[in-house]
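*Asks:* Sharing final.cif (mmCIF, C-alpha atoms and all ligand atoms) below.
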```
data_structure
#
loop_
_atom_site.label_atom_id
_atom_site.label_comp_id
_atom_site.auth_asym_id
_atom_site.auth_seq_id
_atom_site.Cartn_x
_atom_site.Cartn_y
_atom_site.Cartn_z
CA MET A 428 -53.21 -24.94 66.10
CA PRO A 429 -51.14 -28.14 65.27
CA ARG A 430 -50.16 -30.47 68.14
CA LEU A 431 -46.54 -31.47 68.84
CA GLY A 432 -47.12 -35.06 67.54
CA ASP A 433 -48.41 -33.72 64.24
CA LEU A 434 -45.32 -31.58 63.78
CA ASP A 435 -42.98 -34.60 64.35
CA PHE A 436 -44.91 -36.66 61.82
CA ASN A 437 -44.80 -33.89 59.25
CA ARG A 438 -41.04 -33.34 59.72
CA ARG A 439 -40.30 -37.06 59.14
CA ASP A 440 -42.52 -37.10 56.08
CA LEU A 441 -40.79 -34.04 54.73
CA MET A 442 -37.30 -35.59 55.14
CA VAL A 443 -38.29 -38.90 53.52
CA GLY A 444 -39.99 -37.11 50.68
CA ALA A 445 -37.03 -34.80 50.10
CA SER A 446 -34.60 -37.74 50.00
CA ALA A 447 -36.74 -39.60 47.49
CA VAL A 448 -36.97 -36.55 45.23
CA ALA A 449 -33.21 -35.98 45.45
CA THR A 450 -32.47 -39.62 44.57
CA LEU A 451 -34.83 -39.64 41.61
CA ALA A 452 -33.42 -36.36 40.36
CA ALA A 453 -29.83 -37.60 40.63
CA MET A 454 -30.26 -40.96 38.89
CA PRO A 455 -31.04 -39.88 35.32
CA ALA A 456 -28.52 -37.00 35.55
CA ARG A 457 -25.68 -39.37 36.51
CA ALA A 458 -26.52 -41.81 33.70
CA GLY A 459 -26.66 -38.99 31.14
CA ALA A 460 -23.41 -37.40 32.37
CA THR A 461 -21.47 -40.65 31.88
CA ALA A 462 -22.36 -40.91 28.20
CA ALA A 463 -21.77 -37.23 27.55
CA ASP A 464 -18.41 -37.17 29.38
CA ALA A 465 -17.10 -40.09 27.35
CA ASP A 466 -18.10 -38.61 24.00
CA VAL A 467 -17.44 -34.90 24.32
CA PRO A 468 -14.18 -33.68 25.86
CA VAL A 469 -14.30 -30.36 27.64
CA LEU A 470 -11.76 -28.00 26.09
CA ALA A 471 -10.05 -25.08 27.78
CA LYS A 472 -7.37 -22.60 26.79
CA VAL A 473 -4.17 -22.33 28.79
CA ALA A 474 -1.09 -20.17 28.32
CA PHE A 475 2.28 -20.59 30.00
CA THR A 476 5.95 -19.98 29.39
CA VAL A 477 7.87 -23.10 28.42
CA ASN A 478 11.65 -22.90 28.17
CA GLY A 479 11.48 -19.14 27.76
CA GLN A 480 8.75 -19.13 25.12
CA ARG A 481 5.10 -18.22 25.66
CA ARG A 482 2.91 -21.09 24.50
CA GLU A 483 -0.87 -21.16 24.16
CA LEU A 484 -2.86 -24.36 23.87
CA GLU A 485 -6.47 -25.45 23.77
CA LEU A 486 -6.64 -28.76 25.56
CA ASP A 487 -8.97 -31.41 26.85
CA THR A 488 -9.11 -30.41 30.50
CA ARG A 489 -8.00 -33.93 31.44
CA THR A 490 -4.62 -33.50 29.68
CA SER A 491 -1.67 -33.85 32.02
CA LEU A 492 1.17 -31.35 31.86
CA LEU A 493 3.38 -34.20 30.66
CA ASP A 494 1.08 -35.04 27.75
CA ALA A 495 0.71 -31.34 26.91
CA ALA A 496 4.49 -31.06 26.60
CA ARG A 497 5.06 -34.33 24.77
CA GLU A 498 1.99 -34.58 22.54
CA HIS A 499 1.10 -30.93 21.91
CA LEU A 500 4.41 -29.04 22.17
CA HIS A 501 6.52 -31.98 20.90
CA LEU A 502 8.95 -31.62 23.79
CA THR A 503 9.64 -35.32 24.26
CA GLY A 504 12.63 -34.98 26.56
CA SER A 505 10.42 -35.47 29.63
CA LYS A 506 9.66 -39.16 29.78
CA LYS A 507 6.55 -41.11 30.71
CA GLY A 508 7.77 -43.94 32.88
CA CYS A 509 4.83 -44.90 35.07
CA ASP A 510 2.23 -42.11 34.53
CA HIS A 511 1.37 -42.59 38.21
CA GLY A 512 3.79 -40.33 40.08
CA GLN A 513 6.04 -43.17 41.11
CA CYS A 514 9.22 -42.93 39.00
CA GLY A 515 10.15 -39.26 38.47
CA ALA A 516 10.94 -39.69 34.76
CA CYS A 517 8.53 -36.86 33.95
CA THR A 518 10.07 -34.31 36.35
CA MET A 519 9.91 -30.69 35.20
CA ILE A 520 10.66 -27.46 37.02
CA VAL A 521 7.50 -25.37 37.38
CA ASP A 522 7.74 -21.93 38.97
CA GLY A 523 11.06 -22.93 40.53
CA ARG A 524 9.89 -26.21 42.02
CA ARG A 525 10.24 -29.72 40.65
CA ILE A 526 7.00 -31.47 39.85
CA ASN A 527 5.84 -34.82 38.53
CA ALA A 528 4.28 -33.61 35.30
CA CYS A 529 2.20 -36.77 34.91
CA LEU A 530 0.32 -35.96 38.12
CA THR A 531 -0.80 -32.45 37.32
CA LEU A 532 -3.27 -31.11 34.77
CA ALA A 533 -1.93 -28.66 32.19
CA VAL A 534 -4.86 -26.29 32.69
CA MET A 535 -3.82 -25.85 36.34
CA HIS A 536 -0.69 -24.02 35.20
CA GLN A 537 -2.09 -20.90 33.58
CA GLY A 538 0.71 -18.30 33.68
CA SER A 539 3.35 -20.69 35.01
CA THR A 540 7.00 -20.72 34.04
CA ILE A 541 7.99 -24.23 33.04
CA THR A 542 11.44 -25.64 32.35
CA THR A 543 11.89 -29.03 30.75
CA ILE A 544 15.17 -30.76 30.00
CA GLU A 545 15.18 -29.05 26.59
CA GLY A 546 15.27 -25.66 28.30
CA LEU A 547 18.12 -26.34 30.72
CA GLY A 548 20.85 -26.43 28.11
CA ARG A 549 21.65 -27.26 24.52
CA PRO A 550 24.12 -29.79 23.09
CA ASP A 551 26.60 -26.97 22.43
CA ASP A 552 25.89 -25.18 25.70
CA LEU A 553 25.15 -27.74 28.40
CA HIS A 554 23.81 -26.89 31.84
CA PRO A 555 26.48 -27.72 34.46
CA MET A 556 24.30 -30.60 35.72
CA GLN A 557 24.06 -32.07 32.23
CA ALA A 558 27.83 -31.79 31.79
CA ALA A 559 28.42 -33.42 35.19
CA PHE A 560 26.12 -36.35 34.35
CA ILE A 561 28.20 -36.98 31.22
CA LYS A 562 31.49 -36.61 33.08
CA HIS A 563 30.45 -38.96 35.90
CA ASP A 564 28.61 -41.44 33.69
CA GLY A 565 25.36 -40.75 35.54
CA TYR A 566 23.22 -42.80 33.17
CA GLN A 567 23.14 -45.95 31.08
CA CYS A 568 19.96 -46.23 28.95
CA GLY A 569 19.18 -42.55 29.62
CA TYR A 570 15.43 -42.98 30.03
CA CYS A 571 15.30 -41.58 33.55
CA THR A 572 18.03 -39.01 32.92
CA PRO A 573 15.98 -35.92 31.92
CA GLY A 574 13.94 -36.30 35.11
CA GLN A 575 17.05 -36.98 37.18
CA ILE A 576 18.76 -33.84 35.87
CA CYS A 577 15.73 -31.56 36.37
CA SER A 578 15.25 -32.99 39.84
CA GLY A 579 18.97 -32.65 40.60
CA VAL A 580 18.98 -28.97 39.68
CA ALA A 581 15.92 -28.33 41.84
CA VAL A 582 17.34 -30.35 44.77
CA LEU A 583 20.47 -28.22 44.93
CA ASP A 584 18.28 -25.11 44.87
CA GLU A 585 16.18 -26.56 47.73
CA ILE A 586 19.27 -27.20 49.84
CA LYS A 587 20.68 -23.78 49.05
CA ALA A 588 17.36 -22.24 50.13
CA GLY A 589 17.61 -24.06 53.47
CA ILE A 590 14.60 -26.32 52.93
CA PRO A 591 15.06 -29.36 55.20
CA SER A 592 14.46 -32.96 54.24
CA HIS A 593 13.56 -36.08 56.22
CA VAL A 594 17.26 -36.72 56.97
CA THR A 595 18.25 -33.17 57.93
CA ALA A 596 19.58 -33.55 61.47
CA ASP A 597 19.78 -29.94 62.59
CA LEU A 598 17.00 -27.66 61.40
CA ASN A 599 18.83 -24.60 62.77
CA ALA A 600 22.07 -25.20 60.87
CA ALA A 601 22.74 -24.27 57.26
CA ALA A 602 21.75 -27.15 55.01
CA ALA A 603 24.65 -29.12 53.56
CA VAL A 604 24.93 -31.09 50.33
CA THR A 605 25.74 -34.47 51.82
CA GLU A 606 25.36 -37.85 50.15
CA ASP A 607 22.52 -38.67 52.57
CA GLU A 608 20.69 -35.47 51.64
CA ILE A 609 21.10 -36.11 47.92
CA ARG A 610 19.96 -39.73 48.16
CA GLU A 611 16.93 -38.82 50.29
CA ARG A 612 15.83 -35.91 48.12
CA MET A 613 16.39 -37.85 44.88
CA SER A 614 14.55 -40.94 46.14
CA GLY A 615 11.52 -40.14 43.99
CA ASN A 616 13.61 -40.48 40.83
CA ILE A 617 13.97 -44.16 40.01
CA CYS A 618 16.80 -45.41 37.79
CA ARG A 619 16.23 -48.92 36.52
CA CYS A 620 19.86 -49.05 35.37
CA GLY A 621 21.06 -48.33 38.90
CA ALA A 622 23.25 -45.31 38.10
CA TYR A 623 22.65 -43.85 41.55
CA SER A 624 26.26 -43.65 42.76
CA ASN A 625 27.33 -41.75 39.66
CA ILE A 626 24.33 -39.43 39.90
CA VAL A 627 25.37 -38.57 43.46
CA SER A 628 28.90 -37.88 42.22
CA ALA A 629 27.61 -35.59 39.48
CA MET A 630 25.40 -33.64 41.86
CA THR A 631 28.15 -33.37 44.44
CA GLU A 632 30.48 -31.87 41.87
CA VAL A 633 27.88 -29.32 40.73
CA ALA A 634 27.18 -28.40 44.37
CA GLY A 635 30.90 -27.92 44.92
CA ARG A 636 31.11 -25.61 41.96
CA ARG A 637 28.21 -23.60 43.32
CA ALA A 638 29.62 -23.30 46.84
FE1 LIG A 701 5.51 -39.28 36.14
FE2 LIG A 701 6.54 -41.73 36.51
S1 LIG A 701 5.91 -40.79 34.64
S2 LIG A 701 6.30 -40.12 37.96
FE1 LIG A 702 18.46 -46.28 32.51
FE2 LIG A 702 18.26 -44.60 34.58
S1 LIG A 702 19.82 -44.69 33.08
S2 LIG A 702 16.78 -45.97 33.86
#
```
When written as structure tokens, how does the structure in this file appear?
Ligand code: FES
Ligand code: FES
*Replies:*
Amino acid sequence: MPRLGDLDFNRRDLMVGASAVATLAAMPARAGATAADADVPVLAKVAFTVNGQRRELELDTRTSLLDAAREHLHLTGSKKGCDHGQCGACTMIVDGRRINACLTLAVMHQGSTITTIEGLGRPDDLHPMQAAFIKHDGYQCGYCTPGQICSGVAVLDEIKAGIPSHVTADLNAAAAVTEDEIRERMSGNICRCGAYSNIVSAMTEVAGRRA
């Protein structure tokens, strides 16, 4: 029958041995995976509804939703400003919520309903938010504008649904479309031309129409 000291020795040996085996096994696998990953993209099929149309794509699984729209569906209205989730130029509405399309993988949206700026309205039939941006001069170069408009539409829906923001003072009262609320909720949409005041005016008018 083994003594207690023998058991301790054997347990330590077993742990050291297991660690060494695990390390040796992992090293060649990691080196091989790096070369393979760089050379051979992993493809996957994804299907979603974009601006009312069902679209099916086979994509490198690393493709962002923004690149899927711009490079594969040729919907270039959504802009790539930073590609890091910091500017809001790529904002789309996905399943009723605004999203930074540069920060999400296309293959994560199987079955989703996606609206880009192209799906909100057409030149001869503008969405009220698009018309208000024109009326109130809510842009200059226009680069941020598709994201601003998609975000603006979603923000008014958020307020209407009673979703509070960081500046909502009374969580028990009905949410109101105030300038503070608009500025806070739109703070993720950067405009390098500084059209913020006119964007607030446009959104306020659309909110008034909705009320
Ligand atoms: Fe997506 Fe800037 S491009 S947040
Ligand atoms: Fe030029 Fe906003 S209108 S960045």
*Asks:* Name the residues, by chain letter and number, that sit within 8 Å of ligand LIG 702 (chain A) using all atoms listed in the file, and give them as a PyMOL selection string.
*Replies:* chain A and resi 565-572+617-622
*Asks:* With ligand LIG 701 (chain A) as the partner and 6 Å as the cut-off, tabulate the residues of chain A that qualify, each row holding the nearest pair of atoms and their distance in Å to one decimal, using all atoms listed in the file, sorted by chain and rising number, as JSON lines.
*Replies:*
```
{"residue": "A:Lys507", "atom": "CA", "partner": "A:LIG701", "partner_atom": "S1", "distance": 4.0}
{"residue": "A:Gly508", "atom": "CA", "partner": "A:LIG701", "partner_atom": "S1", "distance": 4.1}
{"residue": "A:Cys509", "atom": "CA", "partner": "A:LIG701", "partner_atom": "FE2", "distance": 3.9}
{"residue": "A:Asp510", "atom": "CA", "partner": "A:LIG701", "partner_atom": "S1", "distance": 3.9}
{"residue": "A:His511", "atom": "CA", "partner": "A:LIG701", "partner_atom": "FE2", "distance": 5.5}
{"residue": "A:Gly512", "atom": "CA", "partner": "A:LIG701", "partner_atom": "S2", "distance": 3.3}
{"residue": "A:Gln513", "atom": "CA", "partner": "A:LIG701", "partner_atom": "S2", "distance": 4.4}
{"residue": "A:Cys514", "atom": "CA", "partner": "A:LIG701", "partner_atom": "FE2", "distance": 3.9}
{"residue": "A:Gly515", "atom": "CA", "partner": "A:LIG701", "partner_atom": "S2", "distance": 4.0}
{"residue": "A:Ala516", "atom": "CA", "partner": "A:LIG701", "partner_atom": "S1", "distance": 5.2}
{"residue": "A:Cys517", "atom": "CA", "partner": "A:LIG701", "partner_atom": "FE1", "distance": 4.4}
{"residue": "A:Asn527", "atom": "CA", "partner": "A:LIG701", "partner_atom": "FE1", "distance": 5.1}
{"residue": "A:Ala528", "atom": "CA", "partner": "A:LIG701", "partner_atom": "FE1", "distance": 5.9}
{"residue": "A:Cys529", "atom": "CA", "partner": "A:LIG701", "partner_atom": "FE1", "distance": 4.3}
```
*Asks:* List as a ChimeraX atom specification the protein and nucleic acid residues near region 484-494 of chain A, meaning an atom at most 8 Å away when only C-alpha atoms are counted, but skip any in the same chain fewer than 3 places from it.
*Replies:* /A:468-474,497-499,505,507,517,528-534
*Asks:* Once you add 6 Å to each side, what are the centre and edge lengths of the axis-aligned box holding all listed atoms of region 606-620 of chain A? One decimal in Å, as AutoDock Vina command-line options, if you can.
*Replies:*
```
--center_x 18.4 --center_y -42.3 --center_z 44.0 --size_x 25.8 --size_y 25.6 --size_z 29.2
```
*Asks:* Please identify all polymer residues within 12 Å of Asp522 (chain A), counting all atoms listed in the file, omitting same-chain residues fewer than 4 positions from it, and present them as a PyMOL selection string.
*Replies:* chain A and resi 475-478+526+536-543+581
*Asks:* Please, what distance in Å, to one decimal, runs between CA of Ala588 (chain A) and CA of Ile561 (chain A)?
*Replies:*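 About the pair CA of Ala588 (chain A) and CA of Ile561 (chain A): they are 26.3 Å apart.
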*Asks:* Name the closest residue to Gly523 (chain A) among the candidates A:Ile609, A:Val580, A:Val633, A:Val627; distances are taken between atoms, counting all atoms listed in the file.
*Replies:* A:Val580
*Asks:* Env of Ser592 (chain A): 8 Å cut, atoms = all atoms listed in the file, seq-sep filter 2 positions within chain, self excluded. Answer as a list in words.
*Replies:*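 Using all atoms listed in the file, the neighbours found are Ile590, Val594, Thr595, Glu608, Glu611 and Arg612 of chain A.
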*Asks:* Between A:Ile626, A:Ala602, A:Leu547, A:Ala559, which is the closest to Gly479 (chain A) once you count all atoms listed in the file?
*Replies:*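 So, comparing all the options, the nearest one is A:Leu547.
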*Asks:* What's the 9 Å shell around Ala601 (chain A), counting all atoms listed in the file, without same-chain residues fewer than 5 positions away, as a PyMOL selection string?
*Replies:* chain A and resi 586-587+589
*Asks:* As an exercise, work out the distance from CA of Asp584 (chain A) to CA of His501 (chain A) in Å and give it to one decimal place.
*Replies:* 27.6 Å
*Asks:* Residues near Met630 (chain A), anyone? I mean within 12 Å using all atoms listed in the file, not counting same-chain ones fewer than 6 positions away, as JSON, numbers by chain.
*Replies:* {"A": [555, 556, 557, 558, 559, 560, 561, 562, 563, 564, 565, 575, 576, 577, 578, 579, 580, 581, 582, 583, 584, 586, 604, 605, 606, 608, 609, 610, 612, 613, 623, 624, 636, 637]}
*Asks:* Could you state the separation of CA of Arg481 (chain A) and CA of Pro573 (chain A) in Å, given to one decimal place?
*Replies:*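 Interatomic distance here is 21.7 Å.
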